[in-house]
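Student: Sharing coords33.pdb, PDB, C-alpha atoms:
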ATOM      1  CA  ASN Q   1       6.846  15.581 -15.901
ATOM      2  CA  ASP Q   2       9.253  13.746 -18.255
ATOM      3  CA  ILE Q   3       6.867  10.792 -18.524
ATOM      4  CA  GLU Q   4       3.826  13.019 -19.005
ATOM      5  CA  SER Q   5       5.655  14.901 -21.788
ATOM      6  CA  LYS Q   6       5.565  11.608 -23.731
ATOM      7  CA  GLY Q   7       1.749  11.507 -23.458
ATOM      8  CA  LYS Q   8       1.846   8.868 -20.716
ATOM      9  CA  GLN Q   9       0.390   8.923 -17.208
ATOM     10  CA  VAL Q  10       2.041   8.821 -13.786
ATOM     11  CA  PHE Q  11      -0.335   7.105 -11.382
ATOM     12  CA  MET Q  12       1.905   7.278  -8.307
ATOM     13  CA  CYS Q  13       5.331   8.730  -7.667
ATOM     14  CA  ASP Q  14       7.374   8.458  -4.498
ATOM     15  CA  THR Q  15      11.009   9.281  -3.755
ATOM     16  CA  ASP Q  16      12.209   5.926  -5.106
ATOM     17  CA  SER Q  17       9.396   4.595  -7.280
ATOM     18  CA  VAL Q  18       6.898   5.411  -9.974
ATOM     19  CA  ILE Q  19       3.803   3.594 -11.216
ATOM     20  CA  THR Q  20       3.134   4.590 -14.796
ATOM     21  CA  ASP Q  21       1.734   3.331 -18.094
ATOM     22  CA  CYS Q  22       5.016   4.266 -19.808
ATOM     23  CA  ASP Q  23       7.376   1.600 -21.130
ATOM     24  CA  LEU Q  24      10.711   3.330 -20.529
ATOM     25  CA  SER Q  25      12.461   1.046 -23.032
ATOM     26  CA  GLU Q  26      10.570   2.825 -25.833
ATOM     27  CA  TYR Q  27      12.159   6.161 -24.904
ATOM     28  CA  PRO Q  28      16.002   6.235 -24.993
ATOM     29  CA  ASP Q  29      16.119   9.650 -23.288
ATOM     30  CA  LEU Q  30      14.068   8.359 -20.324
ATOM     31  CA  MET Q  31      16.176   5.192 -20.170
ATOM     32  CA  SER Q  32      19.431   7.179 -20.010
ATOM     33  CA  ALA Q  33      18.017   9.551 -17.369
ATOM     34  CA  TYR Q  34      16.217   7.081 -15.085
ATOM     35  CA  MET Q  35      17.218   3.494 -15.933
ATOM     36  CA  TRP Q  36      20.708   3.917 -17.361
ATOM     37  CA  ASP Q  37      21.865   0.423 -16.419
ATOM     38  CA  GLY Q  38      18.834  -1.206 -18.072
ATOM     39  CA  CYS Q  39      17.821  -3.219 -15.005
ATOM     40  CA  GLY Q  40      17.789  -1.005 -11.893
ATOM     41  CA  ALA Q  41      20.774  -2.647 -10.194
ATOM     42  CA  ASP Q  42      22.694   0.659  -9.866
ATOM     43  CA  LEU Q  43      21.870   2.888  -6.911
ATOM     44  CA  GLY Q  44      19.285   5.453  -8.056
ATOM     45  CA  SER Q  45      18.363   3.606 -11.248
ATOM     46  CA  LEU Q  46      14.709   2.634 -11.621
ATOM     47  CA  LYS Q  47      13.942  -1.082 -11.588
ATOM     48  CA  ASN Q  48      10.948  -2.678 -13.268
ATOM     49  CA  GLU Q  49       9.341  -4.630 -10.428
ATOM     50  CA  ALA Q  50       7.268  -6.666 -12.882
ATOM     51  CA  ASP Q  51      10.473  -8.342 -14.122
ATOM     52  CA  ASP Q  52      11.534  -9.511 -10.644
ATOM     53  CA  PHE Q  53       7.963 -10.426  -9.713
ATOM     54  CA  LEU Q  54       7.623 -12.767 -12.692
ATOM     55  CA  LYS Q  55      11.072 -14.313 -12.146
ATOM     56  CA  ASP Q  56      10.301 -14.902  -8.458
ATOM     57  CA  ASN Q  57       7.091 -16.669  -9.445
ATOM     58  CA  GLY Q  58       8.742 -18.897 -12.061
ATOM     59  CA  LEU Q  59       7.296 -17.188 -15.123
ATOM     60  CA  ALA Q  60       9.096 -16.240 -18.329
ATOM     61  CA  VAL Q  61      10.319 -12.667 -18.633
ATOM     62  CA  ARG Q  62      10.817 -10.719 -21.840
ATOM     63  CA  PRO Q  63      13.867  -8.439 -22.091
ATOM     64  CA  PRO Q  64      14.304  -6.343 -18.897
ATOM     65  CA  GLY Q  65      12.045  -3.329 -18.602
ATOM     66  CA  MET Q  66       9.459  -4.724 -21.011
ATOM     67  CA  GLU Q  67       7.114  -6.449 -18.544
ATOM     68  CA  HIS Q  68       4.108  -4.739 -17.049
ATOM     69  CA  PHE Q  69       1.285  -5.424 -14.633
ATOM     70  CA  ASP Q  70      -2.201  -5.784 -16.062
ATOM     71  CA  GLU Q  71      -4.249  -4.355 -13.190
ATOM     72  CA  LEU Q  72      -3.691  -1.626 -10.612
ATOM     73  CA  ILE Q  73      -5.798  -0.415  -7.719
ATOM     74  CA  LEU Q  74      -4.278   2.703  -6.213
ATOM     75  CA  GLY Q  75      -5.391   4.120  -2.882
ATOM     76  CA  GLY Q  76      -2.460   6.513  -2.416
ATOM     77  CA  CYS Q  77       1.280   6.479  -1.836
ATOM     78  CA  LYS Q  78       2.417   3.141  -0.389
ATOM     79  CA  PHE Q  79      -1.174   1.893  -0.718
ATOM     80  CA  TYR Q  80      -1.710  -0.141  -3.903
ATOM     81  CA  ALA Q  81      -2.331  -3.560  -5.419
ATOM     82  CA  LEU Q  82      -0.867  -4.911  -8.680
ATOM     83  CA  ARG Q  83      -1.873  -8.035 -10.572
ATOM     84  CA  LYS Q  84      -0.414  -9.775 -13.629
ATOM     85  CA  ASP Q  85      -2.559 -12.021 -15.819
ATOM     86  CA  GLY Q  86      -1.494 -15.671 -15.577
ATOM     87  CA  CYS Q  87       0.152 -15.262 -12.177
ATOM     88  CA  ALA Q  88      -1.545 -16.513  -9.025
ATOM     89  CA  LYS Q  89       0.363 -14.136  -6.714
ATOM     90  CA  GLU Q  90      -0.250 -10.406  -6.360
ATOM     91  CA  ILE Q  91       1.669  -7.429  -5.026
ATOM     92  CA  THR Q  92      -0.159  -5.530  -2.308
ATOM     93  CA  LYS Q  93       1.335  -2.618  -0.371
ATOM     94  CA  CYS Q  94      -0.406  -0.890   2.495
ATOM     95  CA  LYS Q  95       1.558   1.329   4.881
ATOM     96  CA  GLY Q  96       0.820   0.289   8.456
ATOM     97  CA  TYR Q  97      -0.612  -3.129   7.575
ATOM     98  CA  LYS Q  98       1.152  -5.959   9.396
ATOM     99  CA  LYS Q  99       1.918  -8.886   7.118
ATOM    100  CA  GLY Q 100       0.732 -12.064   8.768
ATOM    101  CA  LYS Q 101       2.725 -15.245   9.230
ATOM    102  CA  ASP Q 102      -0.609 -17.026   9.022
ATOM    103  CA  GLY Q 103      -1.252 -15.946   5.418
ATOM    104  CA  SER Q 104      -3.418 -12.987   6.395
ATOM    105  CA  ASP Q 105      -1.798 -10.637   3.885
ATOM    106  CA  LEU Q 106      -3.942  -8.218   1.938
ATOM    107  CA  SER Q 107      -5.249  -9.455  -1.396
ATOM    108  CA  PHE Q 108      -6.298  -7.776  -4.611
ATOM    109  CA  ALA Q 109      -9.886  -8.613  -3.587
ATOM    110  CA  ASN Q 110      -9.395  -6.615  -0.351
ATOM    111  CA  PHE Q 111      -8.347  -3.615  -2.465
ATOM    112  CA  GLU Q 112     -11.338  -4.069  -4.759
ATOM    113  CA  PHE Q 113     -13.509  -3.987  -1.655
ATOM    114  CA  MET Q 114     -11.855  -0.825  -0.308
ATOM    115  CA  ALA Q 115     -12.112   0.895  -3.699
ATOM    116  CA  GLY Q 116     -15.798   0.063  -4.050
ATOM    117  CA  ASP Q 117     -18.922   0.908  -2.155
ATOM    118  CA  LYS Q 118     -19.410  -2.456  -0.480
ATOM    119  CA  VAL Q 119     -20.500  -2.573   3.146
ATOM    120  CA  SER Q 120     -18.753  -4.683   5.758
ATOM    121  CA  VAL Q 121     -19.777  -5.413   9.313
ATOM    122  CA  HIS Q 122     -17.101  -5.636  11.989
ATOM    123  CA  ILE Q 123     -17.874  -6.990  15.440
ATOM    124  CA  TYR Q 124     -15.551  -5.994  18.271
ATOM    125  CA  TYR Q 125     -15.326  -8.228  21.318
ATOM    126  CA  ASN Q 126     -14.321  -7.530  24.917
ATOM    127  CA  ASP Q 127     -11.684  -9.692  26.601
ATOM    128  CA  ASP Q 128     -14.441 -11.817  28.152
ATOM    129  CA  GLY Q 129     -15.915 -12.607  24.726
ATOM    130  CA  SER Q 130     -18.928 -10.316  24.971
ATOM    131  CA  ILE Q 131     -19.701  -7.939  22.109
ATOM    132  CA  ASP Q 132     -18.262  -4.462  22.672
ATOM    133  CA  LYS Q 133     -19.637  -2.772  19.543
ATOM    134  CA  ILE Q 134     -20.664  -3.379  15.953
ATOM    135  CA  ASP Q 135     -19.470  -1.117  13.117
ATOM    136  CA  THR Q 136     -20.911  -0.973   9.623
ATOM    137  CA  LEU Q 137     -18.211   0.348   7.316
ATOM    138  CA  VAL Q 138     -18.144   1.274   3.642
ATOM    139  CA  GLY Q 139     -14.981   0.467   1.672
ATOM    140  CA  THR Q 140     -12.884  -0.267   4.767
ATOM    141  CA  HIS Q 141     -10.609  -3.178   5.690
ATOM    142  CA  THR Q 142      -9.859  -3.859   9.359
ATOM    143  CA  GLN Q 143      -6.942  -5.725  10.896
ATOM    144  CA  ARG Q 144      -6.510  -6.550  14.566
ATOM    145  CA  GLN Q 145      -3.055  -5.482  15.737
ATOM    146  CA  VAL Q 146      -1.247  -5.668  19.058
ATOM    147  CA  GLN Q 147      -0.905  -2.449  21.020
ATOM    148  CA  PHE Q 148       1.638  -2.232  23.844
ATOM    149  CA  LEU Q 149       0.640  -0.215  26.906
ATOM    150  CA  CYS Q 150       2.874   0.873  29.749
ATOM    151  CA  PRO Q 151       1.013   3.011  32.290
ATOM    152  CA  LYS Q 152       2.789   6.251  33.249
ATOM    153  CA  MET Q 153       2.321   5.326  36.895
ATOM    154  CA  ASN Q 154       4.947   2.585  36.370
ATOM    155  CA  HIS Q 155       7.551   5.219  35.544
ATOM    156  CA  VAL Q 156       7.048   7.470  38.567
ATOM    157  CA  SER Q 157       6.071   5.084  41.344
ATOM    158  CA  MET Q 158       8.434   3.605  43.891
ATOM    159  CA  ASP Q 159       6.109   0.751  44.821
ATOM    160  CA  GLU Q 160       4.327  -0.075  41.529
ATOM    161  CA  LYS Q 161       6.085  -2.758  39.524
ATOM    162  CA  PHE Q 162       7.004  -1.974  35.950
ATOM    163  CA  ALA Q 163       4.596  -3.752  33.625
ATOM    164  CA  VAL Q 164       3.708  -3.785  29.959
ATOM    165  CA  ARG Q 165       0.254  -4.859  28.881
ATOM    166  CA  THR Q 166      -0.764  -5.860  25.402
ATOM    167  CA  ARG Q 167      -4.192  -5.703  23.889
ATOM    168  CA  MET Q 168      -5.629  -6.270  20.465
ATOM    169  CA  VAL Q 169      -6.999  -3.168  18.781
ATOM    170  CA  PRO Q 170      -8.736  -2.821  15.411
ATOM    171  CA  LYS Q 171      -6.846  -0.777  12.814
ATOM    172  CA  LYS Q 172      -8.923   0.426   9.862
ATOM    173  CA  PHE Q 173      -7.612   0.954   6.339
ATOM    174  CA  LYS Q 174      -9.496   2.872   3.657
ATOM    175  CA  PHE Q 175      -8.755   4.969   0.609
ATOM    176  CA  ALA Q 176      -8.312   8.636   1.447
ATOM    177  CA  TYR Q 177      -6.160  11.156  -0.382
ATOM    178  CA  THR Q 178      -4.949  14.020   1.809
ATOM    179  CA  LYS Q 179      -2.091  15.547  -0.207
ATOM    180  CA  GLY Q 180      -4.053  18.150  -2.180
ATOM    181  CA  HIS Q 181      -7.194  19.127  -4.039
ATOM    182  CA  ILE Q 182      -8.347  16.662  -6.702
ATOM    183  CA  ALA Q 183      -9.994  18.349  -9.700
ATOM    184  CA  ASP Q 184     -12.777  16.730 -11.741
ATOM    185  CA  ASP Q 185     -10.232  15.884 -14.481
ATOM    186  CA  GLY Q 186      -8.032  14.017 -11.940
ATOM    187  CA  ASN Q 187      -5.283  16.648 -11.679
ATOM    188  CA  ILE Q 188      -4.016  17.308  -8.161
ATOM    189  CA  THR Q 189      -3.018  20.694  -6.804
ATOM    190  CA  PRO Q 190      -1.112  20.822  -3.488
ATOM    191  CA  PHE Q 191      -3.042  22.520  -0.660
ATOM    192  CA  PHE Q 192      -0.504  25.350  -0.363
ATOM    193  CA  TYR Q 193      -0.013  26.197  -4.039
TER
END
Please rewrite the model in this file as structure tokens.
Tutor:
Amino acid sequence: NDIESKGKQVFMCDTDSVITDCDLSEYPDLMSAYMWDGCGADLGSLKNEADDFLKDNGLAVRPPGMEHFDELILGGCKFYALRKDGCAKEITKCKGYKKGKDGSDLSFANFEFMAGDKVSVHIYYNDDGSIDKIDTLVGTHTQRQVQFLCPKMNHVSMDEKFAVRTRMVPKKFKFAYTKGHIADDGNITPFFY
């Protein structure tokens, strides 16, 4: 509410973060309340992630708290993509998405796809290589993840050996907001209000 009282917007707010179009450094009262140390190093003080992001990618940074991202795609809490002009890397966050060692991380383009009305086709294969099913999905991104299975019979049987099986299962990600009613003007009212 403090940010909105300045005529700015809060796009996402979580217990320890906020995505907003407000430059806190322009408002001394907000700085003293939320970023009192000027950089977010103190416990509980907000940190401008754009500053660290640019430093980590070898780009020049203006005074702390002054940097901003140029593009945002927001699918919900812990589900967003940020991009800064002139920087090849992007920040993508998606709760439940496993970051790949093989470079299979989500990209800004994946978020553009999920936010749009594009159609993707996903083919699911059986262990023997035959096609199990074909899904046509709108605005969805799929990742194959490992699922661990341990049959209950292993826990109660005297003669069955304990075993854990793994299998690859498709996990689908798409934009869906389930925290309240969204009005035509974009305001959100909690379900039980």
Student: For Q:Arg167, list every protein, DNA or RNA residue within 10 Å, evaluated using only C-alpha atoms, and leave out those in the same chain fewer than 5 positions away; present the list as an mmCIF file with C-alpha atoms, in the coordinates of the input.
Tutor:
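So selection-v1.cif came out as:
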data_model
loop_
_atom_site.group_PDB
_atom_site.id
_atom_site.type_symbol
_atom_site.label_atom_id
_atom_site.label_comp_id
_atom_site.auth_asym_id
_atom_site.auth_seq_id
_atom_site.Cartn_x
_atom_site.Cartn_y
_atom_site.Cartn_z
ATOM 1 C CA ASP Q 127 -11.684 -9.692 26.601
ATOM 2 C CA ARG Q 144 -6.510 -6.550 14.566
ATOM 3 C CA GLN Q 145 -3.055 -5.482 15.737
ATOM 4 C CA VAL Q 146 -1.247 -5.668 19.058
ATOM 5 C CA GLN Q 147 -0.905 -2.449 21.020
ATOM 6 C CA PHE Q 148 1.638 -2.232 23.844
ATOM 7 C CA LEU Q 149 0.640 -0.215 26.906
#
Student: Take the PyMOL selection byres ((chain Q and resi 91-100) around 12), apply it to the structure above, and return the hits as a PyMOL selection string.
Tutor: chain Q and resi 49-50+52-54+56-57+69-84+87-90+101-112+114+141-146+170-175
Student: Decode the PyMOL selection byres ((chain Q and resi 6) around 12) for the given file into explicit residues and return them as a list of chain:residue names.
Tutor: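 Those residues are Q:Asn1, Q:Asp2, Q:Ile3, Q:Glu4, Q:Ser5, Q:Gly7, Q:Lys8, Q:Gln9, Q:Val10, Q:Thr20, Q:Asp21, Q:Cys22, Q:Asp23, Q:Leu24, Q:Glu26, Q:Tyr27, Q:Pro28, Q:Asp29, Q:Leu30.
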Student: Go ahead and compute the interatomic distance for atom CA of Q:Gly58 and atom CA of Q:Cys13, in Å to one decimal.
Tutor: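 Atom-to-atom, atom CA of Q:Gly58 to atom CA of Q:Cys13, that is 28.2 Å.
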Student: Give me, please, the distance in Å between atom CA of Q:Lys47 and atom CA of Q:Ile188, quoted to one decimal.
Tutor: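 Between atom CA of Q:Lys47 and atom CA of Q:Ile188 the gap is 25.9 Å.
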Student: I'd like to know which of Q:Ser25, Q:Ser32, Q:Asn48, Q:Asn126 is closest to Q:Val61, using all atoms listed in the file.
Tutor: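 Smallest separation from Q:Val61 among the options: Q:Asn48.
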